[in-house]
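*Asks:* For reference, the file input.cif (mmCIF, C-alpha atoms and all ligand atoms) is included below:
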```cif
data_my_file
loop_
_atom_site.label_atom_id
_atom_site.label_comp_id
_atom_site.auth_asym_id
_atom_site.auth_seq_id
_atom_site.Cartn_x
_atom_site.Cartn_y
_atom_site.Cartn_z
CA MET A 1424 100.73 70.44 143.47
CA ILE A 1425 103.33 69.88 140.79
CA GLN A 1426 106.73 71.56 141.04
CA GLU A 1427 108.97 71.96 138.00
CA ILE A 1428 112.54 71.02 138.84
CA ILE A 1429 115.59 69.42 137.22
CA VAL A 1430 116.19 65.70 137.79
CA THR A 1431 119.77 64.47 137.65
CA THR A 1432 120.43 60.73 137.27
CA GLN A 1433 123.50 58.65 136.52
CA ASN A 1434 123.98 57.13 133.06
CA GLU A 1435 125.47 53.67 132.67
CA ASP A 1436 128.85 55.19 131.67
CA GLY A 1437 128.97 57.23 134.91
CA SER A 1438 128.04 60.55 133.30
CA THR A 1439 125.09 62.55 134.58
CA HIS A 1440 121.79 62.92 132.75
CA ILE A 1441 119.92 66.21 133.24
CA ALA A 1442 116.18 66.55 132.52
CA PRO A 1443 113.39 68.97 133.50
CA MET A 1444 110.51 67.10 135.17
CA GLY A 1445 107.44 67.85 137.25
CA ILE A 1446 107.39 66.30 140.72
CA ARG A 1447 104.64 65.75 143.25
CA GLU A 1448 104.87 65.12 147.00
CA GLU A 1449 102.64 62.33 148.32
CA ASN A 1450 102.68 61.16 151.95
CA GLY A 1451 106.31 62.10 152.50
CA LEU A 1452 107.41 60.51 149.20
CA ILE A 1453 108.40 62.33 146.01
CA MET A 1454 106.85 61.10 142.77
CA ILE A 1455 108.55 61.49 139.38
CA ALA A 1456 106.64 60.38 136.26
CA PRO A 1457 108.87 60.13 133.16
CA PHE A 1458 107.20 59.37 129.82
CA LYS A 1459 108.43 56.24 128.05
CA PRO A 1460 111.01 56.02 126.53
CA SER A 1461 113.25 58.14 128.70
CA ALA A 1462 116.90 58.11 129.75
CA THR A 1463 115.79 59.35 133.18
CA LEU A 1464 113.50 56.34 133.57
CA GLU A 1465 116.20 53.87 132.48
CA ASN A 1466 118.65 55.43 134.95
CA ILE A 1467 116.12 55.34 137.79
CA GLN A 1468 115.35 51.68 137.13
CA ARG A 1469 119.03 50.75 137.00
CA ASN A 1470 120.32 52.82 139.97
CA LYS A 1471 117.16 53.14 142.12
CA SER A 1472 118.10 56.75 142.81
CA ALA A 1473 117.69 60.32 141.51
CA VAL A 1474 118.36 63.91 142.55
CA VAL A 1475 115.84 66.77 142.58
CA ASN A 1476 117.45 70.14 141.81
CA CYS A 1477 115.40 73.26 142.63
CA ILE A 1478 116.68 76.09 140.47
CA ASP A 1479 115.95 79.68 139.52
CA ASP A 1480 118.40 79.79 136.59
CA VAL A 1481 115.85 79.14 133.88
CA ARG A 1482 118.58 78.81 131.26
CA ILE A 1483 118.90 75.22 132.49
CA PHE A 1484 115.24 74.42 131.67
CA ALA A 1485 115.49 76.12 128.28
CA GLY A 1486 118.96 74.66 127.68
CA CYS A 1487 117.92 71.06 128.28
CA ILE A 1488 114.96 71.46 125.91
CA THR A 1489 117.16 73.01 123.20
CA GLY A 1490 120.06 70.53 123.42
CA ARG A 1491 122.32 72.45 125.83
CA LYS A 1492 123.04 69.95 128.57
CA ASP A 1493 126.52 70.91 129.71
CA TRP A 1494 125.80 72.44 133.13
CA SER A 1495 128.17 72.57 136.09
CA LEU A 1496 127.75 69.64 138.50
CA VAL A 1497 129.09 68.65 141.92
CA PRO A 1498 128.97 65.25 143.68
CA THR A 1499 126.02 64.44 145.94
CA GLU A 1500 126.38 63.69 149.66
CA LYS A 1501 124.51 60.47 150.51
CA ILE A 1502 123.84 58.76 147.19
CA THR A 1503 126.14 58.12 144.24
CA GLY A 1504 125.36 60.93 141.85
CA GLN A 1505 125.72 64.58 140.97
CA ARG A 1506 123.67 67.71 141.46
CA LEU A 1507 123.60 71.05 139.68
CA THR A 1508 126.04 73.59 141.13
CA ALA A 1509 123.33 76.21 140.51
CA ALA A 1510 120.72 74.36 142.62
CA LEU A 1511 119.15 76.62 145.26
CA SER A 1512 118.48 73.38 147.12
CA HIS A 1513 118.63 69.71 146.26
CA ILE A 1514 117.08 66.48 147.49
CA GLU A 1515 118.78 63.10 147.15
CA LEU A 1516 116.30 60.29 146.54
CA GLU A 1517 116.19 56.51 146.84
CA LEU A 1518 113.51 54.58 144.94
CA ASP A 1519 110.76 53.33 147.27
CA SER A 1520 108.24 51.87 144.81
CA PHE A 1521 107.51 51.77 141.10
CA GLU A 1522 104.09 51.73 139.41
CA ASP A 1523 104.59 50.66 135.80
CA ASP A 1524 102.48 52.05 132.98
CA GLY A 1525 102.67 51.74 129.18
CA LEU A 1526 102.99 55.50 128.76
CA ARG A 1527 104.07 57.12 132.03
CA PRO A 1528 105.20 55.02 135.01
CA GLN A 1529 105.18 56.58 138.48
CA CYS A 1530 108.40 56.40 140.49
CA TYR A 1531 108.00 57.01 144.23
CA PHE A 1532 111.12 58.06 146.13
CA LYS A 1533 112.19 58.39 149.74
CA PRO A 1534 114.18 61.61 150.41
CA VAL A 1535 117.46 60.60 152.12
CA PHE A 1536 119.26 63.97 152.15
CA GLU A 1537 118.08 67.53 151.62
CA VAL A 1538 120.03 70.79 151.79
CA THR A 1539 119.62 74.47 150.86
CA HIS A 1540 122.56 76.16 149.14
CA PHE A 1541 121.16 79.59 148.24
CA ALA A 1542 118.14 81.63 149.36
CA PHE A 1543 115.02 81.79 147.18
CA LYS A 1544 114.83 85.39 145.96
CA GLY A 1545 111.12 85.55 145.15
CA PHE A 1546 108.94 84.95 142.12
CA ASN A 1547 109.83 86.44 138.75
CA ARG A 1548 107.26 86.56 135.95
CA ALA A 1549 109.84 86.15 133.19
CA GLN A 1550 111.10 82.94 134.82
CA SER A 1551 107.55 81.56 134.78
CA ALA A 1552 107.19 82.65 131.15
CA VAL A 1553 110.40 80.80 130.21
CA LEU A 1554 109.10 77.69 131.97
CA GLU A 1555 105.81 77.86 130.07
CA ALA A 1556 107.63 78.42 126.79
CA ALA A 1557 109.96 75.46 127.52
CA ILE A 1558 106.92 73.22 128.02
CA LEU A 1559 105.44 74.58 124.81
CA VAL A 1560 108.68 73.80 122.95
CA SER A 1561 108.67 70.23 124.31
CA ARG A 1562 105.17 69.82 122.76
CA LEU A 1563 105.52 71.71 119.47
CA SER A 1564 104.41 68.81 117.27
CA MET A 1565 101.17 68.51 119.28
CA LEU A 1566 100.17 72.19 118.97
CA SER A 1567 98.67 74.27 116.16
CA GLU A 1568 100.56 77.29 114.83
CA GLU A 1569 97.73 79.50 116.09
CA LYS A 1570 98.08 78.16 119.65
CA ILE A 1571 101.88 78.56 119.59
CA SER A 1572 101.69 82.19 118.40
CA GLN A 1573 98.93 83.08 120.88
CA GLU A 1574 100.83 81.66 123.85
CA LEU A 1575 104.12 83.30 122.87
CA GLU A 1576 102.49 86.69 122.43
CA TYR A 1577 101.12 86.52 125.97
CA LEU A 1578 104.32 85.16 127.56
CA MET A 1579 106.39 87.83 125.80
CA ILE A 1580 104.73 90.53 127.98
CA ALA A 1581 106.38 89.13 131.13
CA ILE A 1582 109.71 88.77 129.32
CA ASP A 1583 109.65 92.39 128.11
CA LYS A 1584 108.66 93.75 131.51
CA THR A 1585 110.60 91.63 134.01
CA ALA A 1586 113.42 89.55 132.43
CA GLY A 1587 117.02 89.65 133.63
CA GLU A 1588 119.99 88.46 131.57
CA ASN A 1589 119.44 84.70 132.20
CA GLU A 1590 115.77 84.92 131.29
CA LYS A 1591 116.57 86.81 128.06
CA ILE A 1592 119.14 84.18 127.04
CA ALA A 1593 116.76 81.31 127.88
CA TRP A 1594 113.94 82.97 125.93
CA GLN A 1595 116.20 83.48 122.90
CA TRP A 1596 117.21 79.77 122.86
CA LEU A 1597 113.55 78.76 122.94
CA MET A 1598 112.58 81.22 120.19
CA GLU A 1599 115.41 79.90 117.98
CA LYS A 1600 114.10 76.36 118.49
CA ILE A 1601 110.57 77.44 117.52
CA GLU A 1602 111.89 79.27 114.43
CA ASN A 1603 113.80 76.13 113.34
CA TYR A 1604 110.69 74.02 113.87
CA ARG A 1605 108.59 76.44 111.78
CA GLN A 1606 111.24 76.47 109.04
CA HIS A 1607 111.41 72.65 108.86
CA LYS A 1608 107.63 72.42 108.82
CA LYS A 1609 107.43 74.92 105.95
CA GLU A 1610 110.12 73.05 103.99
CA SER A 1611 108.41 69.67 104.48
CA GLU A 1612 105.09 71.17 103.33
CA ILE A 1613 106.74 72.44 100.11
CA ALA A 1614 108.55 69.11 99.41
C1 LIG A 1701 109.10 72.33 132.80
C2 LIG A 1701 109.17 70.96 132.17
C3 LIG A 1701 108.61 69.87 132.84
C4 LIG A 1701 108.68 68.58 132.29
N1 LIG A 1701 108.14 67.54 132.99
C5 LIG A 1701 108.25 66.27 132.49
C6 LIG A 1701 107.75 65.15 133.21
O1 LIG A 1701 107.20 65.27 134.31
N2 LIG A 1701 107.91 63.93 132.65
C7 LIG A 1701 108.54 63.76 131.43
O2 LIG A 1701 108.68 62.62 130.98
N3 LIG A 1701 109.00 64.80 130.73
C8 LIG A 1701 108.88 66.05 131.22
N4 LIG A 1701 109.35 67.11 130.50
C9 LIG A 1701 110.05 66.88 129.20
C10 LIG A 1701 111.41 66.27 129.45
O3 LIG A 1701 112.26 67.09 130.22
C11 LIG A 1701 112.16 65.95 128.15
O4 LIG A 1701 111.29 65.38 127.23
C12 LIG A 1701 113.32 65.06 128.42
O5 LIG A 1701 113.99 64.86 127.23
C13 LIG A 1701 112.96 63.75 129.11
O6 LIG A 1701 113.52 62.64 128.55
P1 LIG A 1701 114.94 62.06 128.95
O7 LIG A 1701 114.89 61.58 130.37
O8 LIG A 1701 115.13 60.93 127.98
O9 LIG A 1701 115.92 63.18 128.73
C14 LIG A 1701 109.28 68.39 131.03
C15 LIG A 1701 109.83 69.50 130.35
C16 LIG A 1701 109.77 70.77 130.90
C17 LIG A 1701 110.36 71.93 130.18
#
```
In C-alpha cells, how does this file's structure come out?

*Replies:*
Amino acid sequence: MIQEIIVTTQNEDGSTHIAPMGIREENGLIMIAPFKPSATLENIQRNKSAVVNCIDDVRIFAGCITGRKDWSLVPTEKITGQRLTAALSHIELELDSFEDDGLRPQCYFKPVFEVTHFAFKGFNRAQSAVLEAAILVSRLSMLSEEKISQELEYLMIAIDKTAGENEKIAWQWLMEKIENYRQHKKESEIA
C-alpha cells in the first residue's frame, strides 16, 4: 500500500524542504522513492534523515505543487529537522539503506520517533479529489488534453458535493495552474 504524505527534509542552508511523496511500509521500514533529480533526495543523502507528515489539510499538497511552500513548521524531537505544524501525526526517520537507480532510487528508513498530534476525522471525498488533481498537475506534460478534462470532470463531482473551505482553496490553486499550463501551450502552438 502506498500512502500519500508530506516529506520534510533539511536543506544545506538549514531551511526545510517540503514535498508530497508516496511512502510504503516494508518489514518495519519506511520506503521513500524520490525521482531524480530531487531536492528531497539530495537532502536525504546528505543528512540521512527525513520526516513523514500525515496531513488532512490538502492545501499543503496543492500548495507544494503550485509553488506555495511557506507552511508553518515546528522542530522535531529526536532528529535535527522540522515537521509541519498541521501534521495529524509525524514520524521521524533515519536512513537505514539506499538502493540507487538511474530514475528513482529507493530510500529505506528506520522510524525513530512517532507521535499523534490530532485525531483523524474520517475520509473526505473532496480531499481525495484534490490529491488526485495534484498528481495530475504534477504530470500535466505527460497527459493529453482529453485525459486532463475527463479526470477533472469526474473529480469535480466530489468537490461540489463534499468540499470544505480548505479543499475549495486547494482545488482553485490547482485549476489556476492547469489554466496557466493550457494558456502557455496554446501560445507556444501559435508561435
Ligand atoms: C500526492 C503526490 C505524491 C507524490 N509522490 C512522489 C513520489 O513518491 N516521488 C517523487 O519523486 N515525487 C512525487 N511527487 C511529486 C513531487 O512532490 C514533486 O515533483 C516535488 O517537486 C519533488 O521534488 P523535490 O524534492 O525536488 O521538491 C508526488 C506529488 C504528489 C502531489

*Asks:* Distance limit 9 Å, reference ligand LIG 1701 (chain A), atoms considered: only C-alpha atoms and all ligand atoms. Which residues make the cut? Give them as a PyMOL selection string.

*Replies:* chain A and resi 1425-1430+1432+1440-1446+1455-1466+1484-1485+1487-1488+1527+1553-1562

*Asks:* With all atoms listed in the file as the counted atoms, please give the residues lying no more than 12 Å from Met1579 (chain A), apart from itself and same-chain residues fewer than 2 positions off, as a list in words.

*Replies:*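 So, after excluding close chain neighbours, the residues are Arg1548, Ala1549, Gln1550, Ser1551, Ala1552, Val1553, Glu1555, Ala1556, Ser1572, Gln1573, Glu1574, Leu1575, Glu1576, Tyr1577, Ala1581, Ile1582, Asp1583, Lys1584, Thr1585, Ala1586, Glu1590, Lys1591, Trp1594, Gln1595, Leu1597 and Met1598 of chain A.
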
*Asks:* For CA of Tyr1531 (chain A) and CA of Gly1504 (chain A), quote the distance in Å rounded to one decimal.

*Replies:*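 Going from CA of Tyr1531 (chain A) over to CA of Gly1504 (chain A), I get 18.0 Å.
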
*Asks:* Compare A:Glu1435, A:Leu1563, A:Ser1472, A:Glu1588 by their minimum atom-to-atom distance to Phe1521 (chain A), counting all atoms listed in the file, and give me the closest one.

*Replies:* A:Ser1472

*Asks:* Just give me the gap between CA of Pro1498 (chain A) and CA of Ile1467 (chain A) in Å, one decimal is fine.

*Replies:* 17.3 Å

*Asks:* Measure the distance from CA of Asp1479 (chain A) to CA of Phe1541 (chain A) in Å and round it to one decimal.

*Replies:*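 Straight-line distance from CA of Asp1479 (chain A) to CA of Phe1541 (chain A) works out to 10.2 Å.
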
*Asks:* Which residue is closest to Asn1476 (chain A)? Choose from A:His1513, A:Lys1501, A:Lys1570, A:Lys1492 and count all atoms listed in the file.

*Replies:*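 Among A:His1513, A:Lys1501, A:Lys1570, A:Lys1492, it is A:His1513 that comes nearest to Asn1476 (chain A).
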
*Asks:* When you count all atoms listed in the file, which of these residues is closest to Leu1516 (chain A): A:Ser1495, A:Thr1431, A:Thr1439, A:Asn1450?

*Replies:*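 Ranked by minimum distance to Leu1516 (chain A), first place goes to A:Thr1431.
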
*Asks:* Rank nothing, just name the residue among A:Gly1437, A:Ile1571, A:Asn1547, A:Val1538 nearest to Asn1589 (chain A), using only C-alpha atoms.

*Replies:*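 Closest to Asn1589 (chain A) of all the choices is A:Asn1547.
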
*Asks:* With all atoms listed in the file as the atoms that count, which of A:Glu1569, A:Glu1517, A:Leu1511, A:Cys1477 lies nearest to Ala1542 (chain A)?

*Replies:*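 Smallest separation from Ala1542 (chain A) among the options: A:Leu1511.
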
*Asks:* For Gln1529 (chain A), which residue out of A:Gln1468, A:Ser1438, A:Thr1508, A:Ser1611 is the nearest one, using all atoms listed in the file?

*Replies:*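 For Gln1529 (chain A), the nearest of the given residues is A:Gln1468.
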
*Asks:* Distance cut-off 8 Å, centre (125.8, 70.6, 139.0) in file coordinates, counting all atoms listed in the file: which residues qualify? Return them as a ChimeraX atom specification.

*Replies:* /A:1494-1498,1505-1510
